[in-house]
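What follows is a short report on a single structure.
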Amino acid sequence: MLTTTAELDANSLGGTAQGRTLKAEPRRLPILDQAVDQYLREQRELTAVERFSQLHESTELPAQAKYYRSLLPLTKPKSGQQYAFSVDLDKCSGCKACVTACHSLNGLDESETWRSVGLLHGGTASAPMQQTVTTACHHCIDPACMKGCPVNAYEKDADTGIVRHLDDQCIGCQYCTLTCPYEVPQFSKKLGIVRKCDMCSERLAADEAPACVQGCPNEAIAIRIVDVAQIHEDVQADAFLPGAPSPGITLPTTEYKTKRVFPKNTLPADFYNVRPAHNHFPLVVLLVLTQLSVGAFSVNYVVTSYYSASTVARYHSLVALMLGLVALGASTLHLGRPLYGFRAIMGFRHSWMSREIAAFGAFAGLAVAYAAGAWADPLLQALGMPALDPDLSVRLQRWLGGAVAVTGLLGVGCSAMLYAVTRRVFWRLSYCGPRFLGTTALLGLSLTLLVFVAAAYFGQPIPGATLAGLCETLIGVCAFKLLLDASVFGHLKRTQVSDLKRTALLMWGELGKLTKARFLLGVVGGLVLPALLPAFFSPLAEQAELSQAGLMLAAVSCMLLVGGELLERSLFFMAAASPKMPGAVGK
């Protein structure tokens, strides 16, 4: 009888398969033993968090600092040196313990963070790379927040190099949040001021580690002393961290260390995120109405140089002045502490915001004087007093009108520089300057046209050629302004994702309704209606006569253009892509 292989195996193990239970001992392979032993050893090892907890649980208070003594410099900074954060990326796990520690120690608002954790990724499908990055204030050698602050609410300590924010000095204008390329300063709505990381300077002074340093279970964050001259030399390579703004802007001192070699395609996880920014509506009103007021005074000055109309100039100057004062009043709504707004002139030597305020302050004062001069004769007559010498009055008004126009245009220039220095590409001077001047000319022409049409309607001797010239100039300026605003859409065709492409994507997509409304109002108010207006008067008449329909046409044109420029300036803020440190997906 044949014996099967199964039976032979059973017999060899001590019996047959019939009527017996096989009790074979399993044989363990040496390789398997090694793997199991290694796995058990790894299980017995504590995690970094557990080691951290056990270490502090078994010690007496307040002994935390001594465990981080190696993460602090042994000496104080010398001349030409300063404190700086040092981050070991190989040790950072992205646990956000540093964020929590900073938040708890400093008592921050729920939405306020002085330290954040971002994410870099890259590589290929077969060899992917991911790296978490903890970041806070870089205590720059040339801090943009300090240079931009109009009230000198920042100071850089001469001994330690730490950039501190002076909370009591702050008025909550939030301009430093725009000038800092790393989005470090955070606005506290509860307090109405901006606040930021000061490297726990009081703890450092007592040889105690900052909260983030002590809070990191992996000891990924440390405080080191750096040489200022070395930082100046290092930034020439323009290498700081993938996806971060150029270090040449502010000379940041934070050191990021890693033994890894990042792939060429390493990018922040939020690199392709396109989200609208905050709409600073009080600033929108300020920019549009100040430029309207400056434009109205400037256009009136040019027009009255060729055509004398004292009665029209009175009403024109009054309307322009009122709009300018409304704009300056609206700007205070943007301040967290408006009662301290008078401090905003303190930073005149270094802050474009202080210079803007000084220029528009001078503009407002001269505009009041100009408007008062235009109404001087009627007021003196009403009071029974002799009128001023006509020649002297005319010369004085010409000088005042010129001074109003010059100071106003200086204010518009300061406004353009104020945003250009933030290093946002959409706000660069070559684009921002022509847009602001275009709004000034466009709205100034529109308001002047409306006032002159109204004067002609009520019987003032306004030549038809003057009104026709205003219409033609308005159409030309509006066409230029619309083409300039539409030029950003050319970046949609570019393969590389740039800041301007992000802006174009926002205006074409999520902000598309606002963009369409802006161009519709501009086309109708600045091209169509001014082209129709000459049909309501004779351009060759020495004294134009307009019907009520012509007056309404000019009024609607002006309102549409103001509305269109308000939308354009809202897009100016909402569609601008800002430089920042790497963030996480959805951040």
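In the structure tokens, each chain is lettered A, B, ... as it comes, each chain's residues begin at 1, and ligands are numbered from 1 in order of appearance.
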
Check the DSSP output for the backbone and give back, as a ChimeraX atom specification, the residues of segment 106-334 of chain A in alpha helix (DSSP H). /A:106,144-148,175-179,201-205,211-215,228-234,281-306,310-331

Using the chain letters and numbers from this document, which residues of segment 140-377 of chain A does DSSP assign to strand (DSSP E), as a VMD selection string? chain A and resid 154 to 156 163 to 165 186 to 188 193 to 195 221 to 227 255 to 257 267 to 268

Mind dumping the selected residues with C-alpha atoms as a compact mmCIF listing (two decimals), in the first residue's frame?
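Saved result, again.txt, follows:
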```txt
# COMPACT_ATOMS: atom_id res chain seq x y z
CA TYR A 154 8.59 99.06 18.35
CA GLU A 155 12.11 99.08 19.71
CA LYS A 156 15.14 96.88 19.06
CA VAL A 163 12.50 93.42 18.81
CA ARG A 164 9.86 94.41 21.36
CA HIS A 165 6.40 95.86 20.83
CA GLN A 186 -1.03 89.92 15.49
CA PHE A 187 -3.97 92.27 16.07
CA SER A 188 -5.93 91.77 19.28
CA ILE A 193 -3.62 96.88 19.67
CA VAL A 194 -1.04 94.75 17.88
CA ARG A 195 1.16 92.32 19.83
CA ILE A 221 14.02 75.07 19.49
CA ALA A 222 16.98 76.80 21.11
CA ILE A 223 18.31 80.28 21.73
CA ARG A 224 21.67 81.07 20.20
CA ILE A 225 23.91 84.11 19.77
CA VAL A 226 24.53 85.19 16.16
CA ASP A 227 26.95 87.68 14.62
CA GLU A 255 18.55 79.68 11.97
CA TYR A 256 16.95 76.57 10.47
CA LYS A 257 19.18 73.48 10.62
CA LEU A 267 7.12 74.01 -1.50
CA PRO A 268 4.89 75.12 1.40
```

Need the shell around segment 577-584 of chain A: protein/DNA/RNA residues with any atom at most 9 Å away, counting only C-alpha atoms. Skip same-chain ones fewer than 6 positions apart. Format as an MDAnalysis selection string? chainID A and resid 116:120 132:133 135 178 180:184 241:245 267:271 274:277 422:426 499:500 502:503

With N, CA and C atoms kept, could you save the residues just selected as a compact mmCIF listing (two decimals), in the first residue's frame?
```txt
# COMPACT_ATOMS: atom_id res chain seq x y z
N SER A 116 3.71 79.63 15.16
CA SER A 116 2.87 78.73 14.37
C SER A 116 3.72 77.60 13.79
N VAL A 117 3.05 76.59 13.27
CA VAL A 117 3.73 75.43 12.68
C VAL A 117 3.22 75.27 11.25
N GLY A 118 4.14 75.33 10.30
CA GLY A 118 3.80 75.14 8.90
C GLY A 118 4.32 73.81 8.38
N LEU A 119 4.19 73.62 7.08
CA LEU A 119 4.54 72.33 6.48
C LEU A 119 5.16 72.56 5.11
N LEU A 120 6.28 71.88 4.88
CA LEU A 120 6.91 71.83 3.56
C LEU A 120 6.76 70.43 3.00
N THR A 132 7.83 69.51 8.84
CA THR A 132 7.13 70.52 9.62
C THR A 132 8.12 71.63 10.01
N VAL A 133 7.60 72.85 10.13
CA VAL A 133 8.44 74.02 10.40
C VAL A 133 7.75 74.86 11.48
N THR A 135 7.72 78.38 13.50
CA THR A 135 8.20 79.72 13.19
C THR A 135 7.54 80.75 14.09
N LEU A 178 1.10 94.63 7.78
CA LEU A 178 1.28 94.66 6.33
C LEU A 178 2.75 94.75 5.95
N CYS A 180 5.43 93.66 7.76
CA CYS A 180 6.21 92.48 8.11
C CYS A 180 5.99 91.39 7.06
N PRO A 181 7.05 90.93 6.39
CA PRO A 181 6.87 89.91 5.35
C PRO A 181 6.57 88.52 5.91
N TYR A 182 6.65 88.36 7.22
CA TYR A 182 6.46 87.05 7.83
C TYR A 182 5.16 86.94 8.62
N GLU A 183 4.30 87.98 8.53
CA GLU A 183 3.00 87.99 9.22
C GLU A 183 3.15 87.73 10.71
N VAL A 184 4.13 88.36 11.33
CA VAL A 184 4.41 88.13 12.75
C VAL A 184 3.47 88.91 13.67
N LEU A 241 14.61 79.67 3.82
CA LEU A 241 13.77 78.48 3.96
C LEU A 241 12.91 78.39 2.71
N PRO A 242 12.73 77.20 2.12
CA PRO A 242 11.92 77.09 0.90
C PRO A 242 10.53 77.70 1.10
N GLY A 243 10.12 78.55 0.17
CA GLY A 243 8.81 79.16 0.23
C GLY A 243 8.72 80.40 1.09
N ALA A 244 9.77 80.74 1.83
CA ALA A 244 9.75 81.91 2.70
C ALA A 244 10.17 83.15 1.91
N PRO A 245 9.75 84.35 2.36
CA PRO A 245 10.19 85.59 1.69
C PRO A 245 11.70 85.74 1.73
N LEU A 267 8.00 72.85 -1.57
CA LEU A 267 7.12 74.01 -1.50
C LEU A 267 6.31 73.98 -0.21
N PRO A 268 5.82 75.12 0.25
CA PRO A 268 4.89 75.12 1.40
C PRO A 268 3.61 74.37 1.04
N ALA A 269 3.02 73.73 2.04
CA ALA A 269 1.81 72.95 1.79
C ALA A 269 0.66 73.82 1.32
N ASP A 270 0.68 75.11 1.68
CA ASP A 270 -0.39 76.01 1.28
C ASP A 270 0.00 76.85 0.06
N PHE A 271 0.98 76.39 -0.71
CA PHE A 271 1.49 77.17 -1.83
C PHE A 271 0.40 77.46 -2.86
N VAL A 274 -5.44 79.74 -2.58
CA VAL A 274 -5.75 81.09 -3.03
C VAL A 274 -6.99 81.56 -2.27
N ARG A 275 -6.78 82.48 -1.34
CA ARG A 275 -7.89 82.94 -0.50
C ARG A 275 -7.89 84.47 -0.46
N PRO A 276 -9.09 85.08 -0.42
CA PRO A 276 -9.14 86.55 -0.31
C PRO A 276 -8.58 87.03 1.02
N ALA A 277 -7.92 88.16 0.99
CA ALA A 277 -7.41 88.78 2.21
C ALA A 277 -8.49 89.66 2.82
N THR A 422 5.53 97.39 1.40
CA THR A 422 5.15 96.11 2.00
C THR A 422 5.66 94.92 1.19
N ARG A 423 6.20 95.16 0.02
CA ARG A 423 6.78 94.13 -0.85
C ARG A 423 5.74 93.19 -1.44
N ARG A 424 4.47 93.53 -1.37
CA ARG A 424 3.48 92.74 -2.11
C ARG A 424 3.59 93.12 -3.59
N VAL A 425 3.65 92.11 -4.44
CA VAL A 425 3.88 92.36 -5.87
C VAL A 425 2.73 93.16 -6.47
N PHE A 426 1.51 92.88 -6.03
CA PHE A 426 0.33 93.57 -6.55
C PHE A 426 0.32 95.04 -6.12
N ASP A 499 2.70 85.42 -7.41
CA ASP A 499 1.78 86.22 -6.61
C ASP A 499 0.75 86.91 -7.50
N LEU A 500 1.16 87.41 -8.65
CA LEU A 500 0.22 88.08 -9.54
C LEU A 500 -0.76 87.09 -10.16
N ARG A 502 -1.87 84.45 -8.54
CA ARG A 502 -2.83 84.24 -7.46
C ARG A 502 -3.86 85.37 -7.42
N THR A 503 -3.38 86.60 -7.60
CA THR A 503 -4.28 87.75 -7.63
C THR A 503 -5.28 87.62 -8.77
```

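Close contacts of segment 459-466 of chain A, defined as residues with an atom at most 9 Å away when counting only C-alpha atoms, with chain neighbours fewer than 6 positions off set aside, comprise Val303, Tyr307, Ala309, Thr311, Val312, Phe452, Val453, Pro534, Phe537, Ser538, Pro539, Leu540, Ala541, Glu542, Gln543, Ala544 and Glu545 of chain A.
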
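Among the candidates A:Glu112, A:Glu202, A:Asp90, A:Glu472, the one nearest to Pro185 of chain A when counting only C-alpha atoms is A:Glu112.
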
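For the pair atom CA of His232 of chain A and atom CA of Ile141 of chain A, the interatomic distance is 8.8 Å.
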
Taking 6 positions as the minimum chain separation for residues in the same chain, which residues sit within 10 Å of Gly550 of chain A when counting only C-alpha atoms? Answer as a PyMOL selection string. chain A and resi 450+453-454+457+529+532-537+556

Which polymer residues have any atom within 9 Å of an atom of Lys78 of chain A, counting only C-alpha atoms, with same-chain residues fewer than 3 positions away left out, as a short mmCIF file (atom, residue, chain, number, x, y, z; two decimals) with N, CA and C atoms, in the first residue's frame?
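Result file follows (around.cif):
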```
data_model
loop_
_atom_site.label_atom_id
_atom_site.label_comp_id
_atom_site.auth_asym_id
_atom_site.auth_seq_id
_atom_site.Cartn_x
_atom_site.Cartn_y
_atom_site.Cartn_z
N THR A 75 26.71 82.78 27.58
CA THR A 75 27.08 84.17 27.82
C THR A 75 26.04 85.10 27.19
N GLN A 81 26.62 91.36 18.21
CA GLN A 81 25.92 90.09 18.32
C GLN A 81 24.51 90.32 18.86
N GLN A 82 23.66 89.29 18.74
CA GLN A 82 22.33 89.35 19.31
C GLN A 82 21.77 87.95 19.49
N ASP A 159 21.26 95.70 23.41
CA ASP A 159 22.12 94.67 23.99
C ASP A 159 21.79 93.27 23.50
N THR A 160 20.49 92.96 23.38
CA THR A 160 20.09 91.59 23.03
C THR A 160 19.62 91.46 21.58
N ILE A 225 23.37 82.77 20.05
CA ILE A 225 23.91 84.11 19.77
C ILE A 225 24.46 84.11 18.34
#
```

Rank nothing, just name the residue among A:Gln397, A:Gln496, A:Gln548, A:Ser70 nearest to Glu219 of chain A, using only C-alpha atoms. A:Ser70

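The space between atom CA of Leu482 of chain A and atom CA of Ser317 of chain A spans 27.7 Å.
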
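Omitting Arg343 of chain A and its sequence neighbours fewer than 4 positions away, and counting only C-alpha atoms, the residues within 8 Å are Pro150, Val151 and Ile171 of chain A.
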
Go ahead and dump the residues you just picked, N, CA and C atoms, as a PDB file, in the first residue's frame.
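That gives us result06.pdb:
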```pdb
ATOM      1  N   PRO A 150       3.929 104.072  12.620  1.00  0.00           N
ATOM      2  CA  PRO A 150       3.858 105.541  12.655  1.00  0.00           C
ATOM      3  C   PRO A 150       3.959 106.127  14.059  1.00  0.00           C
ATOM      4  N   VAL A 151       3.866 105.295  15.096  1.00  0.00           N
ATOM      5  CA  VAL A 151       3.872 105.825  16.468  1.00  0.00           C
ATOM      6  C   VAL A 151       5.073 105.333  17.273  1.00  0.00           C
ATOM      7  N   ILE A 171      -1.483 102.330  18.596  1.00  0.00           N
ATOM      8  CA  ILE A 171      -2.818 102.873  18.336  1.00  0.00           C
ATOM      9  C   ILE A 171      -3.682 101.883  17.564  1.00  0.00           C
TER      10      ILE A 171
END
```

Between atom CA of Arg395 of chain A and atom CA of Ala313 of chain A, distance in Å (one decimal): 14.5 Å
